[in-house]
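Q: Here you go, this is final-v5.cif (mmCIF, C-alpha atoms (C1' of nucleotides)).
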data_my_file
#
loop_
_atom_site.label_atom_id
_atom_site.label_comp_id
_atom_site.auth_asym_id
_atom_site.auth_seq_id
_atom_site.Cartn_x
_atom_site.Cartn_y
_atom_site.Cartn_z
CA MET C 773 -117.86 -50.32 105.20
CA PRO C 774 -116.70 -53.55 106.61
CA GLU C 775 -115.63 -56.28 104.26
CA LEU C 776 -114.72 -59.81 105.26
CA PRO C 777 -111.75 -59.03 107.57
CA GLU C 778 -113.60 -56.33 109.51
CA THR C 779 -116.75 -58.44 109.82
CA HIS C 780 -114.65 -61.42 110.89
CA THR C 781 -112.89 -59.35 113.56
CA ILE C 782 -116.17 -58.11 115.01
CA ALA C 783 -117.80 -61.55 114.98
CA SER C 784 -114.86 -63.19 116.68
CA ILE C 785 -114.66 -60.52 119.40
CA LEU C 786 -118.37 -60.90 120.04
CA ASP C 787 -118.08 -64.67 120.13
CA GLN C 788 -115.31 -64.47 122.71
CA ASN C 789 -116.94 -61.84 124.88
CA ILE C 790 -120.71 -62.19 124.93
CA LYS C 791 -121.18 -65.93 124.44
CA GLY C 792 -123.40 -67.36 127.16
CA LEU C 793 -124.81 -64.00 128.21
CA LYS C 794 -128.54 -63.47 128.41
CA ILE C 795 -130.13 -60.62 126.49
CA LEU C 796 -132.14 -58.98 129.26
CA LYS C 797 -133.84 -56.30 127.19
CA VAL C 798 -133.98 -55.04 123.61
CA ALA C 799 -134.53 -51.45 122.54
CA VAL C 800 -135.09 -50.26 118.97
CA ALA C 801 -135.04 -46.57 118.05
CA LYS C 802 -138.56 -45.48 117.18
CA ASN C 803 -137.55 -44.11 113.77
CA TYR C 804 -135.95 -47.47 112.89
CA LYS C 805 -137.39 -50.71 111.55
CA ALA C 806 -135.83 -53.96 112.65
CA LEU C 807 -136.79 -56.91 110.45
CA PRO C 808 -139.10 -58.61 109.87
CA GLN C 809 -140.86 -56.19 112.20
CA THR C 810 -139.66 -54.29 115.22
CA ASP C 811 -142.12 -55.85 117.65
CA THR C 812 -141.33 -59.37 116.38
CA PHE C 813 -137.61 -58.62 116.68
CA ILE C 814 -137.95 -57.45 120.27
CA LYS C 815 -140.24 -60.30 121.29
CA THR C 816 -138.03 -62.99 119.72
CA VAL C 817 -134.71 -61.71 121.04
CA ALA C 818 -135.48 -60.45 124.54
CA GLY C 819 -134.81 -62.94 127.32
CA LYS C 820 -132.71 -65.31 125.19
CA LYS C 821 -129.21 -66.52 125.87
CA ILE C 822 -126.43 -66.00 123.30
CA LYS C 823 -124.92 -69.26 122.06
CA SER C 824 -122.35 -67.92 119.61
CA ALA C 825 -121.46 -65.20 117.12
CA LYS C 826 -120.19 -65.86 113.63
CA ARG C 827 -119.74 -64.33 110.20
CA VAL C 828 -121.62 -65.32 107.05
CA ALA C 829 -120.37 -63.36 104.04
CA LYS C 830 -120.45 -59.79 105.43
CA ASN C 831 -123.22 -60.55 107.92
CA ILE C 832 -122.75 -60.96 111.64
CA LEU C 833 -125.00 -63.65 113.08
CA ILE C 834 -125.63 -64.00 116.79
CA GLU C 835 -127.08 -67.40 117.53
CA LEU C 836 -129.68 -67.55 120.30
CA GLU C 837 -130.54 -70.53 122.47
CA ASN C 838 -133.85 -71.11 120.68
CA GLY C 839 -132.21 -71.54 117.25
CA ASN C 840 -133.11 -68.07 116.05
CA HIS C 841 -130.32 -65.72 115.02
CA VAL C 842 -129.88 -61.98 115.25
CA LEU C 843 -128.41 -60.71 111.99
CA PHE C 844 -126.56 -57.43 111.63
CA HIS C 845 -125.35 -56.22 108.27
CA LEU C 846 -123.14 -53.18 108.65
CA ALA C 847 -123.13 -52.02 105.00
CA MET C 848 -121.20 -48.74 104.80
CA THR C 849 -121.60 -47.06 108.18
CA GLY C 850 -122.80 -49.76 110.55
CA ARG C 851 -121.02 -50.38 113.86
CA LEU C 852 -121.37 -52.87 116.68
CA LEU C 853 -120.01 -51.57 119.96
CA LEU C 854 -119.83 -53.01 123.48
CA TRP C 855 -120.40 -50.75 126.49
CA LYS C 856 -120.06 -51.28 130.21
CA ASN C 857 -121.40 -48.85 132.83
CA GLU C 858 -120.75 -45.82 130.67
CA PRO C 859 -122.85 -43.32 128.74
CA ILE C 860 -123.51 -44.28 125.12
CA ASN C 861 -121.47 -41.80 123.18
CA GLU C 862 -122.37 -42.76 119.62
CA ARG C 863 -124.37 -41.32 116.75
CA GLY C 864 -127.12 -43.13 114.93
CA VAL C 865 -127.79 -45.89 117.48
CA ARG C 866 -130.66 -48.03 116.13
CA VAL C 867 -130.69 -51.13 118.32
CA ILE C 868 -129.50 -51.78 121.88
CA LEU C 869 -129.15 -55.26 123.36
CA TYR C 870 -128.93 -55.04 127.16
CA LEU C 871 -126.85 -57.96 128.39
CA GLU C 872 -126.21 -59.69 131.67
CA GLY C 873 -123.50 -58.07 133.78
CA SER C 874 -124.69 -54.53 132.99
CA SER C 875 -123.07 -54.45 129.56
CA LEU C 876 -124.69 -53.45 126.28
CA LEU C 877 -124.25 -54.08 122.59
CA THR C 878 -125.27 -51.22 120.31
CA PHE C 879 -125.91 -51.36 116.59
CA SER C 880 -125.49 -47.91 115.08
CA ASP C 881 -125.88 -46.99 111.44
CA VAL C 882 -125.93 -43.33 110.44
CA ARG C 883 -126.79 -43.92 106.79
CA MET C 884 -129.17 -46.81 107.40
CA PHE C 885 -127.88 -48.94 104.53
CA GLY C 886 -127.35 -51.79 106.96
CA LYS C 887 -129.89 -53.97 108.66
CA ALA C 888 -130.86 -55.60 111.92
CA ALA C 889 -133.03 -58.69 111.65
CA VAL C 890 -134.06 -61.81 113.48
CA LEU C 891 -133.88 -65.00 111.41
CA SER C 892 -135.12 -68.52 112.00
CA HIS C 893 -132.75 -71.45 111.68
CA ARG C 894 -134.28 -72.14 108.25
CA GLN C 895 -133.77 -68.55 107.11
CA VAL C 896 -130.11 -68.71 108.17
CA GLN C 897 -129.65 -71.81 106.02
CA LYS C 898 -131.25 -70.01 103.10
CA LEU C 899 -128.99 -67.03 103.66
CA GLU C 900 -125.90 -69.23 103.68
CA HIS C 901 -126.98 -70.84 100.41
CA SER C 902 -127.54 -67.47 98.76
CA TYR C 903 -123.80 -66.74 98.71
CA GLY C 904 -120.90 -68.03 96.71
CA PRO C 905 -118.12 -69.94 98.50
CA ASP C 906 -116.34 -68.32 101.39
CA PRO C 907 -112.67 -67.90 100.50
CA PHE C 908 -111.64 -69.56 103.78
CA ASN C 909 -114.24 -72.23 104.43
CA GLU C 910 -114.36 -73.88 101.05
CA LYS C 911 -111.72 -75.53 99.01
CA LEU C 912 -111.89 -72.77 96.46
CA THR C 913 -109.52 -73.29 93.56
CA GLY C 914 -108.55 -71.32 90.48
CA ARG C 915 -110.50 -73.86 88.48
CA ASP C 916 -113.63 -72.95 90.42
CA LEU C 917 -113.02 -69.29 89.65
CA ILE C 918 -112.71 -70.05 85.95
CA LYS C 919 -116.09 -71.76 86.06
CA MET C 920 -117.65 -68.79 87.78
CA PHE C 921 -116.05 -66.36 85.36
CA ALA C 922 -117.36 -68.22 82.30
CA GLY C 923 -119.73 -66.14 80.23
CA ARG C 924 -119.06 -62.98 82.23
CA LYS C 925 -118.12 -60.18 79.88
CA THR C 926 -117.68 -57.52 82.53
CA GLY C 927 -114.37 -56.68 84.20
CA VAL C 928 -113.01 -59.29 86.60
CA LYS C 929 -113.19 -56.79 89.47
CA ASN C 930 -116.93 -56.39 89.03
CA VAL C 931 -117.33 -60.14 89.20
CA LEU C 932 -115.20 -60.39 92.36
CA LEU C 933 -117.59 -57.97 94.05
CA ASP C 934 -120.54 -60.22 93.23
CA GLN C 935 -121.27 -61.97 96.53
CA LYS C 936 -122.85 -64.89 94.68
CA ILE C 937 -119.40 -65.61 93.20
CA ILE C 938 -117.26 -65.18 96.32
CA ALA C 939 -118.68 -64.15 99.68
CA GLY C 940 -116.90 -61.42 101.59
CA LEU C 941 -114.73 -59.54 99.12
CA GLY C 942 -115.42 -55.82 98.97
CA ASN C 943 -113.95 -52.96 97.01
CA ILE C 944 -110.72 -52.47 98.95
CA TYR C 945 -109.69 -56.12 99.13
CA ALA C 946 -110.76 -56.76 95.52
CA ASN C 947 -108.40 -53.98 94.40
CA GLU C 948 -105.61 -55.37 96.57
CA ALA C 949 -106.09 -58.98 95.42
CA LEU C 950 -105.98 -57.99 91.75
CA PHE C 951 -102.81 -56.00 92.31
CA LEU C 952 -101.17 -58.91 94.07
CA ALA C 953 -102.20 -61.23 91.23
CA GLY C 954 -100.95 -58.78 88.59
CA ILE C 955 -104.35 -58.73 86.87
CA ASN C 956 -105.92 -55.62 85.38
CA PRO C 957 -109.34 -55.05 86.98
CA LYS C 958 -110.89 -54.30 83.57
CA THR C 959 -109.88 -57.68 82.13
CA LYS C 960 -113.00 -59.48 80.96
CA ALA C 961 -113.63 -62.18 83.55
CA SER C 962 -114.08 -64.87 80.89
CA LEU C 963 -110.55 -64.19 79.59
CA ILE C 964 -108.81 -65.07 82.87
CA ASN C 965 -106.65 -68.12 82.24
CA GLU C 966 -105.93 -71.00 84.57
CA LYS C 967 -102.60 -69.69 85.77
CA GLN C 968 -104.06 -66.26 86.52
CA ALA C 969 -107.03 -67.81 88.27
CA GLU C 970 -104.77 -69.83 90.57
CA LYS C 971 -102.76 -66.75 91.38
CA LEU C 972 -105.91 -64.71 91.96
CA CYS C 973 -107.30 -67.36 94.29
CA GLU C 974 -104.09 -67.33 96.29
CA SER C 975 -104.01 -63.51 96.30
CA ILE C 976 -107.59 -63.24 97.57
CA ARG C 977 -106.75 -65.48 100.52
CA ARG C 978 -103.52 -63.62 101.17
CA VAL C 979 -105.07 -60.12 101.32
CA LEU C 980 -107.97 -61.32 103.46
CA GLU C 981 -105.62 -63.12 105.85
CA GLU C 982 -103.44 -60.04 106.11
CA GLY C 983 -106.53 -57.92 106.62
CA ILE C 984 -107.58 -60.10 109.53
CA LYS C 985 -104.05 -60.19 110.92
CA PHE C 986 -103.99 -56.38 111.10
CA GLY C 987 -107.51 -56.11 112.50
CA GLY C 988 -109.14 -54.81 109.31
CA SER C 989 -108.92 -51.38 107.68
CA THR C 990 -109.85 -48.10 109.34
CA LEU C 991 -109.97 -45.30 106.78
CA GLU C 992 -109.68 -41.59 107.43
CA ASP C 993 -113.30 -41.25 108.44
CA LYS C 994 -112.60 -43.66 111.34
CA MET C 995 -115.89 -45.38 110.56
CA TYR C 996 -114.65 -48.88 111.25
CA VAL C 997 -113.60 -49.81 114.76
CA ASP C 998 -114.00 -53.12 116.54
CA PRO C 999 -116.52 -53.53 119.40
CA TYR C 1000 -113.89 -52.17 121.83
CA ARG C 1001 -113.16 -49.11 119.60
CA LYS C 1002 -109.85 -50.47 118.39
CA GLU C 1003 -108.94 -49.28 114.89
CA GLY C 1004 -107.64 -51.61 112.21
CA LYS C 1005 -104.12 -51.23 110.82
CA TYR C 1006 -104.35 -52.86 107.41
CA GLN C 1007 -104.71 -49.45 105.73
CA GLU C 1008 -101.03 -48.97 106.51
CA HIS C 1009 -100.33 -51.97 104.31
CA PHE C 1010 -102.44 -51.07 101.27
CA LYS C 1011 -100.38 -51.62 98.15
CA ILE C 1012 -102.75 -50.14 95.60
CA TYR C 1013 -106.03 -48.90 97.14
CA SER C 1014 -105.86 -45.10 97.55
CA GLN C 1015 -102.18 -45.11 96.58
CA ASN C 1016 -100.42 -42.75 94.18
CA LYS C 1017 -97.33 -44.72 93.20
CA CYS C 1018 -97.00 -48.41 92.56
CA PRO C 1019 -94.94 -49.86 95.44
CA ARG C 1020 -93.48 -52.42 93.05
CA CYS C 1021 -92.31 -50.34 90.08
CA GLY C 1022 -92.97 -46.70 91.03
CA GLU C 1023 -95.37 -46.09 88.16
CA ASN C 1024 -98.30 -43.72 88.74
CA VAL C 1025 -101.34 -45.63 89.94
CA VAL C 1026 -104.36 -45.27 87.66
CA PHE C 1027 -107.69 -44.40 89.25
CA LEU C 1028 -110.99 -44.94 87.50
CA LYS C 1029 -114.54 -45.95 88.25
CA MET C 1030 -115.87 -49.38 87.49
CA SER C 1031 -119.60 -49.70 88.11
CA GLY C 1032 -119.31 -46.61 90.24
CA ARG C 1033 -116.63 -48.03 92.54
CA GLY C 1034 -113.17 -46.56 92.95
CA THR C 1035 -110.68 -48.75 91.11
CA TYR C 1036 -106.91 -48.53 91.44
CA PHE C 1037 -104.30 -50.35 89.43
CA CYS C 1038 -100.76 -50.11 88.15
CA PRO C 1039 -100.76 -50.04 84.32
CA ASN C 1040 -97.30 -51.60 84.36
CA CYS C 1041 -97.77 -54.43 86.86
CA GLN C 1042 -101.39 -55.06 85.87
CA PRO C 1043 -101.25 -54.72 82.10
CA GLU C 1044 -104.35 -54.55 79.94
CA GLN C 1045 -105.31 -57.83 78.44
CA GLN C 1046 -107.64 -58.73 75.66
"C1'" DA Q 1140 -121.48 -26.49 96.36
"C1'" DT Q 1141 -119.82 -30.57 94.58
"C1'" DG Q 1142 -117.84 -34.87 94.69
"C1'" DT Q 1143 -116.40 -38.70 97.41
"C1'" DT Q 1144 -117.28 -43.07 100.39
"C1'" DT Q 1145 -115.62 -49.76 102.71
"C1'" DG Q 1146 -122.54 -52.28 100.45
"C1'" DT Q 1147 -126.70 -54.02 98.45
"C1'" DT Q 1148 -130.83 -54.05 95.72
"C1'" DC Q 1149 -133.75 -52.77 92.16
"C1'" DC Q 1150 -134.76 -51.63 87.43
"C1'" DG Q 1151 -134.40 -50.91 82.57
"C1'" DA Q 1152 -131.50 -52.18 78.76
"C1'" DT Q 1153 -129.04 -55.64 76.24
"C1'" DC B 1446 -133.44 -65.61 80.98
"C1'" DA B 1447 -128.78 -64.07 82.46
"C1'" DT B 1448 -126.09 -60.25 82.67
"C1'" DC B 1449 -124.77 -55.40 82.94
"C1'" DG B 1450 -124.49 -50.73 84.62
"C1'" DG B 1451 -126.60 -46.95 86.69
"C1'" DA B 1452 -129.57 -45.14 90.27
"C1'" DA B 1453 -131.13 -45.21 94.71
"C1'" DC B 1454 -130.85 -45.72 99.63
"C1'" DA B 1455 -128.74 -41.23 103.13
"C1'" DA B 1456 -125.20 -38.78 105.62
"C1'" DA B 1457 -120.60 -36.96 106.71
"C1'" DC B 1458 -116.73 -34.94 105.18
"C1'" DA B 1459 -113.14 -32.35 102.32
#
Do you think you could lay out the structure here as structure tokens?

A:
Amino acid sequence: MPELPETHTIASILDQNIKGLKILKVAVAKNYKALPQTDTFIKTVAGKKIKSAKRVAKNILIELENGNHVLFHLAMTGRLLLWKNEPINERGVRVILYLEGSSLLTFSDVRMFGKAAVLSHRQVQKLEHSYGPDPFNEKLTGRDLIKMFAGRKTGVKNVLLDQKIIAGLGNIYANEALFLAGINPKTKASLINEKQAEKLCESIRRVLEEGIKFGGSTLEDKMYVDPYRKEGKYQEHFKIYSQNKCPRCGENVVFLKMSGRGTYFCPNCQPEQQ
DNA sequence: ATGTTTGTTCCGAT
DNA sequence: CATCGGAACAAACA
């Protein structure tokens, strides 16, 4: 579910609200496997103080005082929620971190595509190196994109979803960025020219910034909410994803599947290119 | 009942 | 060997 803006929102709320708190107790549902192993996870995390929370690609990393990190990847249906003196009213809770001040952090994941893991400092470094540049933290340019697109014969949208190329883009924001850049998602990545690459780079940053500004996207299933249950509002600003008419020219939006993912584009504003 | 879904990984084919 | 595309993971919902 969450892409960069949603993950960013969660990480920053956690950083602001649970930094400095001690994790008093850890509980893992007995049908669930925390990584590398549930007992290791519990032993390593329990009793430690939280130093910070941050985002790496679409992962949320909670740094502990001993240099280890708790990693949560939310995949499609994962949620991180904060609770205070109230019954836990949530399906699919897999991990509970009991915090100082009688508050809790739950990790729930109905479909279990996500993960909960404890990582050493070294493993966090390895994780960070396994991803392409973050669109915000690096000086990513159109020229860099061209380099990454070289030799890729598949559609540019497929390449944008490759986390080793750019970390954090998902299906919704990839669709939106391509619309903003006026590039057809099926365009072979290697055919993107310098001007288009610059525009795409700018568009990626723009849609992600807007996504963050509006607190991410909450779709009809209401799957994504922030740790305080607040829904995102960016879905009200989608220009192409799940739309019927192009907001720019009124043309019917084309829907098709690319590598199994829903792909939306305006045939007029994002013309085919060969 | 069937098709859809914000993510990632694995595998066989190219 | 790098890349590509489909399947799989599993559940809710329309």

Q: Ranking C:Thr781, C:Asn930, C:Gln1042, C:Ser880 by minimum distance to chain B and counting all atoms listed in the file, which one comes first?

A: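 Comparing C:Thr781, C:Asn930, C:Gln1042, C:Ser880 against chain B, the winner is C:Asn930.
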
Q: Please return, as JSON, numbers by chain, all polymer residues that have at least one atom within 8 Å of the point (-118.6, -53.6, 103.0); use only C-alpha atoms (C1' of nucleotides) and the file's own coordinate frame.

A: {"C": [773, 774, 775, 776, 830, 846, 847, 848, 942, 943], "Q": [1145, 1146]}

Q: Let me see the file: selected residues, C-alpha atoms (C1' of nucleotides), as a PDB file, keeping the file's coordinate frame.

A:
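Contents of the output file out.pdb:
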ATOM      1  CA  MET C 773    -117.860 -50.320 105.200  1.00  0.00           C
ATOM      2  CA  PRO C 774    -116.700 -53.550 106.610  1.00  0.00           C
ATOM      3  CA  GLU C 775    -115.630 -56.280 104.260  1.00  0.00           C
ATOM      4  CA  LEU C 776    -114.720 -59.810 105.260  1.00  0.00           C
ATOM      5  CA  LYS C 830    -120.450 -59.790 105.430  1.00  0.00           C
ATOM      6  CA  LEU C 846    -123.140 -53.180 108.650  1.00  0.00           C
ATOM      7  CA  ALA C 847    -123.130 -52.020 105.000  1.00  0.00           C
ATOM      8  CA  MET C 848    -121.200 -48.740 104.800  1.00  0.00           C
ATOM      9  CA  GLY C 942    -115.420 -55.820  98.970  1.00  0.00           C
ATOM     10  CA  ASN C 943    -113.950 -52.960  97.010  1.00  0.00           C
TER      11      ASN C 943
ATOM     12  C1'  DT Q1145    -115.620 -49.760 102.710  1.00  0.00           C
ATOM     13  C1'  DG Q1146    -122.540 -52.280 100.450  1.00  0.00           C
TER      14       DG Q1146
END

Q: Quick check on the file I pasted: which residues fall under the PyMOL selection byres ((chain Q and resi 1144) around 12)? Write them as a compact mmCIF listing (two decimals) with C-alpha atoms (C1' of nucleotides), in the coordinates of the input.

A:
# COMPACT_ATOMS: atom_id res chain seq x y z
CA MET C 773 -117.86 -50.32 105.20
CA ALA C 847 -123.13 -52.02 105.00
CA MET C 848 -121.20 -48.74 104.80
CA THR C 849 -121.60 -47.06 108.18
CA ARG C 883 -126.79 -43.92 106.79
CA ASN C 943 -113.95 -52.96 97.01
CA ILE C 944 -110.72 -52.47 98.95
CA LEU C 991 -109.97 -45.30 106.78
CA GLU C 992 -109.68 -41.59 107.43
CA ASP C 993 -113.30 -41.25 108.44
CA LYS C 994 -112.60 -43.66 111.34
CA MET C 995 -115.89 -45.38 110.56
CA SER C 1014 -105.86 -45.10 97.55
CA GLY C 1032 -119.31 -46.61 90.24
CA ARG C 1033 -116.63 -48.03 92.54
CA GLY C 1034 -113.17 -46.56 92.95
C1' DG Q 1142 -117.84 -34.87 94.69
C1' DT Q 1143 -116.40 -38.70 97.41
C1' DT Q 1145 -115.62 -49.76 102.71
C1' DG Q 1146 -122.54 -52.28 100.45
C1' DA B 1455 -128.74 -41.23 103.13
C1' DA B 1456 -125.20 -38.78 105.62
C1' DA B 1457 -120.60 -36.96 106.71
C1' DC B 1458 -116.73 -34.94 105.18
C1' DA B 1459 -113.14 -32.35 102.32

Q: Just want the 6 Å neighbourhood of Ser875 of chain C, counted on all atoms listed in the file, with same-chain residues fewer than 4 positions away dropped. Output as number ranges by chain.

A: C: 855-856, 871

Q: I'd like a table as a tab-separated table: residues in chain C with an atom no more than 7 Å from chain B, each row giving the shortest atom pair and its distance in Å to one decimal, all atoms listed in the file counted, sorted by chain and rising residue number.

A:
residue	atom	partner	partner_atom	distance
C:Val882	CA	B:DA1456	C1'	6.7
C:Arg883	CA	B:DA1455	C1'	4.9
C:Phe885	CA	B:DC1454	C1'	6.6
C:Ser1031	CA	B:DG1450	C1'	6.1

Q: With N, CA and C atoms retained, output segment 916-942 of chain C as a PDB file, in the first residue's frame.

A:
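So the final result, stored in out-v1.pdb, reads:
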ATOM      1  N   ASP C 916      21.072  11.428 -14.773  1.00  0.00           N
ATOM      2  CA  ASP C 916      21.182  10.172 -14.016  1.00  0.00           C
ATOM      3  C   ASP C 916      20.119   9.181 -14.478  1.00  0.00           C
ATOM      4  N   LEU C 917      18.907   9.704 -14.700  1.00  0.00           N
ATOM      5  CA  LEU C 917      17.824   8.826 -15.153  1.00  0.00           C
ATOM      6  C   LEU C 917      18.187   8.188 -16.491  1.00  0.00           C
ATOM      7  N   ILE C 918      18.689   9.009 -17.412  1.00  0.00           N
ATOM      8  CA  ILE C 918      19.080   8.494 -18.720  1.00  0.00           C
ATOM      9  C   ILE C 918      20.053   7.329 -18.579  1.00  0.00           C
ATOM     10  N   LYS C 919      21.020   7.489 -17.693  1.00  0.00           N
ATOM     11  CA  LYS C 919      21.997   6.422 -17.450  1.00  0.00           C
ATOM     12  C   LYS C 919      21.311   5.159 -16.973  1.00  0.00           C
ATOM     13  N   MET C 920      20.364   5.337 -16.057  1.00  0.00           N
ATOM     14  CA  MET C 920      19.673   4.173 -15.495  1.00  0.00           C
ATOM     15  C   MET C 920      18.738   3.522 -16.508  1.00  0.00           C
ATOM     16  N   PHE C 921      18.254   4.320 -17.436  1.00  0.00           N
ATOM     17  CA  PHE C 921      17.317   3.811 -18.441  1.00  0.00           C
ATOM     18  C   PHE C 921      18.045   3.099 -19.588  1.00  0.00           C
ATOM     19  N   ALA C 922      19.349   3.332 -19.699  1.00  0.00           N
ATOM     20  CA  ALA C 922      20.112   2.763 -20.815  1.00  0.00           C
ATOM     21  C   ALA C 922      20.002   1.242 -20.827  1.00  0.00           C
ATOM     22  N   GLY C 923      19.710   0.715 -22.007  1.00  0.00           N
ATOM     23  CA  GLY C 923      19.650  -0.734 -22.156  1.00  0.00           C
ATOM     24  C   GLY C 923      18.368  -1.363 -21.651  1.00  0.00           C
ATOM     25  N   ARG C 924      17.449  -0.530 -21.133  1.00  0.00           N
ATOM     26  CA  ARG C 924      16.183  -1.101 -20.648  1.00  0.00           C
ATOM     27  C   ARG C 924      15.138  -0.992 -21.755  1.00  0.00           C
ATOM     28  N   LYS C 925      14.696  -2.134 -22.212  1.00  0.00           N
ATOM     29  CA  LYS C 925      13.754  -2.174 -23.332  1.00  0.00           C
ATOM     30  C   LYS C 925      12.303  -2.149 -22.884  1.00  0.00           C
ATOM     31  N   THR C 926      12.073  -2.311 -21.614  1.00  0.00           N
ATOM     32  CA  THR C 926      10.697  -2.341 -21.120  1.00  0.00           C
ATOM     33  C   THR C 926      10.163  -0.914 -20.989  1.00  0.00           C
ATOM     34  N   GLY C 927       8.864  -0.787 -20.748  1.00  0.00           N
ATOM     35  CA  GLY C 927       8.251   0.527 -20.623  1.00  0.00           C
ATOM     36  C   GLY C 927       8.839   1.309 -19.459  1.00  0.00           C
ATOM     37  N   VAL C 928       8.911   2.627 -19.645  1.00  0.00           N
ATOM     38  CA  VAL C 928       9.530   3.486 -18.628  1.00  0.00           C
ATOM     39  C   VAL C 928       8.828   3.334 -17.278  1.00  0.00           C
ATOM     40  N   LYS C 929       7.524   3.070 -17.287  1.00  0.00           N
ATOM     41  CA  LYS C 929       6.830   2.924 -16.001  1.00  0.00           C
ATOM     42  C   LYS C 929       7.341   1.718 -15.230  1.00  0.00           C
ATOM     43  N   ASN C 930       7.576   0.614 -15.938  1.00  0.00           N
ATOM     44  CA  ASN C 930       8.126  -0.563 -15.258  1.00  0.00           C
ATOM     45  C   ASN C 930       9.467  -0.255 -14.608  1.00  0.00           C
ATOM     46  N   VAL C 931      10.270   0.531 -15.301  1.00  0.00           N
ATOM     47  CA  VAL C 931      11.593   0.858 -14.756  1.00  0.00           C
ATOM     48  C   VAL C 931      11.471   1.769 -13.535  1.00  0.00           C
ATOM     49  N   LEU C 932      10.498   2.695 -13.570  1.00  0.00           N
ATOM     50  CA  LEU C 932      10.311   3.592 -12.418  1.00  0.00           C
ATOM     51  C   LEU C 932       9.897   2.829 -11.164  1.00  0.00           C
ATOM     52  N   LEU C 933       9.262   1.673 -11.365  1.00  0.00           N
ATOM     53  CA  LEU C 933       8.829   0.885 -10.205  1.00  0.00           C
ATOM     54  C   LEU C 933       9.946  -0.001  -9.653  1.00  0.00           C
ATOM     55  N   ASP C 934      11.068  -0.043 -10.370  1.00  0.00           N
ATOM     56  CA  ASP C 934      12.223  -0.816  -9.921  1.00  0.00           C
ATOM     57  C   ASP C 934      12.936  -0.021  -8.822  1.00  0.00           C
ATOM     58  N   GLN C 935      12.902  -0.538  -7.614  1.00  0.00           N
ATOM     59  CA  GLN C 935      13.440   0.204  -6.465  1.00  0.00           C
ATOM     60  C   GLN C 935      14.961   0.374  -6.539  1.00  0.00           C
ATOM     61  N   LYS C 936      15.603  -0.416  -7.380  1.00  0.00           N
ATOM     62  CA  LYS C 936      17.057  -0.275  -7.547  1.00  0.00           C
ATOM     63  C   LYS C 936      17.371   0.923  -8.448  1.00  0.00           C
ATOM     64  N   ILE C 937      16.367   1.419  -9.169  1.00  0.00           N
ATOM     65  CA  ILE C 937      16.540   2.611 -10.001  1.00  0.00           C
ATOM     66  C   ILE C 937      16.250   3.862  -9.174  1.00  0.00           C
ATOM     67  N   ILE C 938      15.026   3.938  -8.640  1.00  0.00           N
ATOM     68  CA  ILE C 938      14.653   5.035  -7.742  1.00  0.00           C
ATOM     69  C   ILE C 938      13.927   4.409  -6.558  1.00  0.00           C
ATOM     70  N   ALA C 939      14.292   4.795  -5.360  1.00  0.00           N
ATOM     71  CA  ALA C 939      13.683   4.210  -4.173  1.00  0.00           C
ATOM     72  C   ALA C 939      12.452   4.994  -3.753  1.00  0.00           C
ATOM     73  N   GLY C 940      11.318   4.333  -3.676  1.00  0.00           N
ATOM     74  CA  GLY C 940      10.150   4.966  -3.079  1.00  0.00           C
ATOM     75  C   GLY C 940       8.962   5.174  -3.993  1.00  0.00           C
ATOM     76  N   LEU C 941       9.186   5.181  -5.306  1.00  0.00           N
ATOM     77  CA  LEU C 941       8.054   5.330  -6.211  1.00  0.00           C
ATOM     78  C   LEU C 941       7.257   4.039  -6.234  1.00  0.00           C
ATOM     79  N   GLY C 942       5.949   4.155  -6.206  1.00  0.00           N
ATOM     80  CA  GLY C 942       5.065   3.007  -6.359  1.00  0.00           C
ATOM     81  C   GLY C 942       4.128   3.261  -7.520  1.00  0.00           C
TER      82      GLY C 942
END
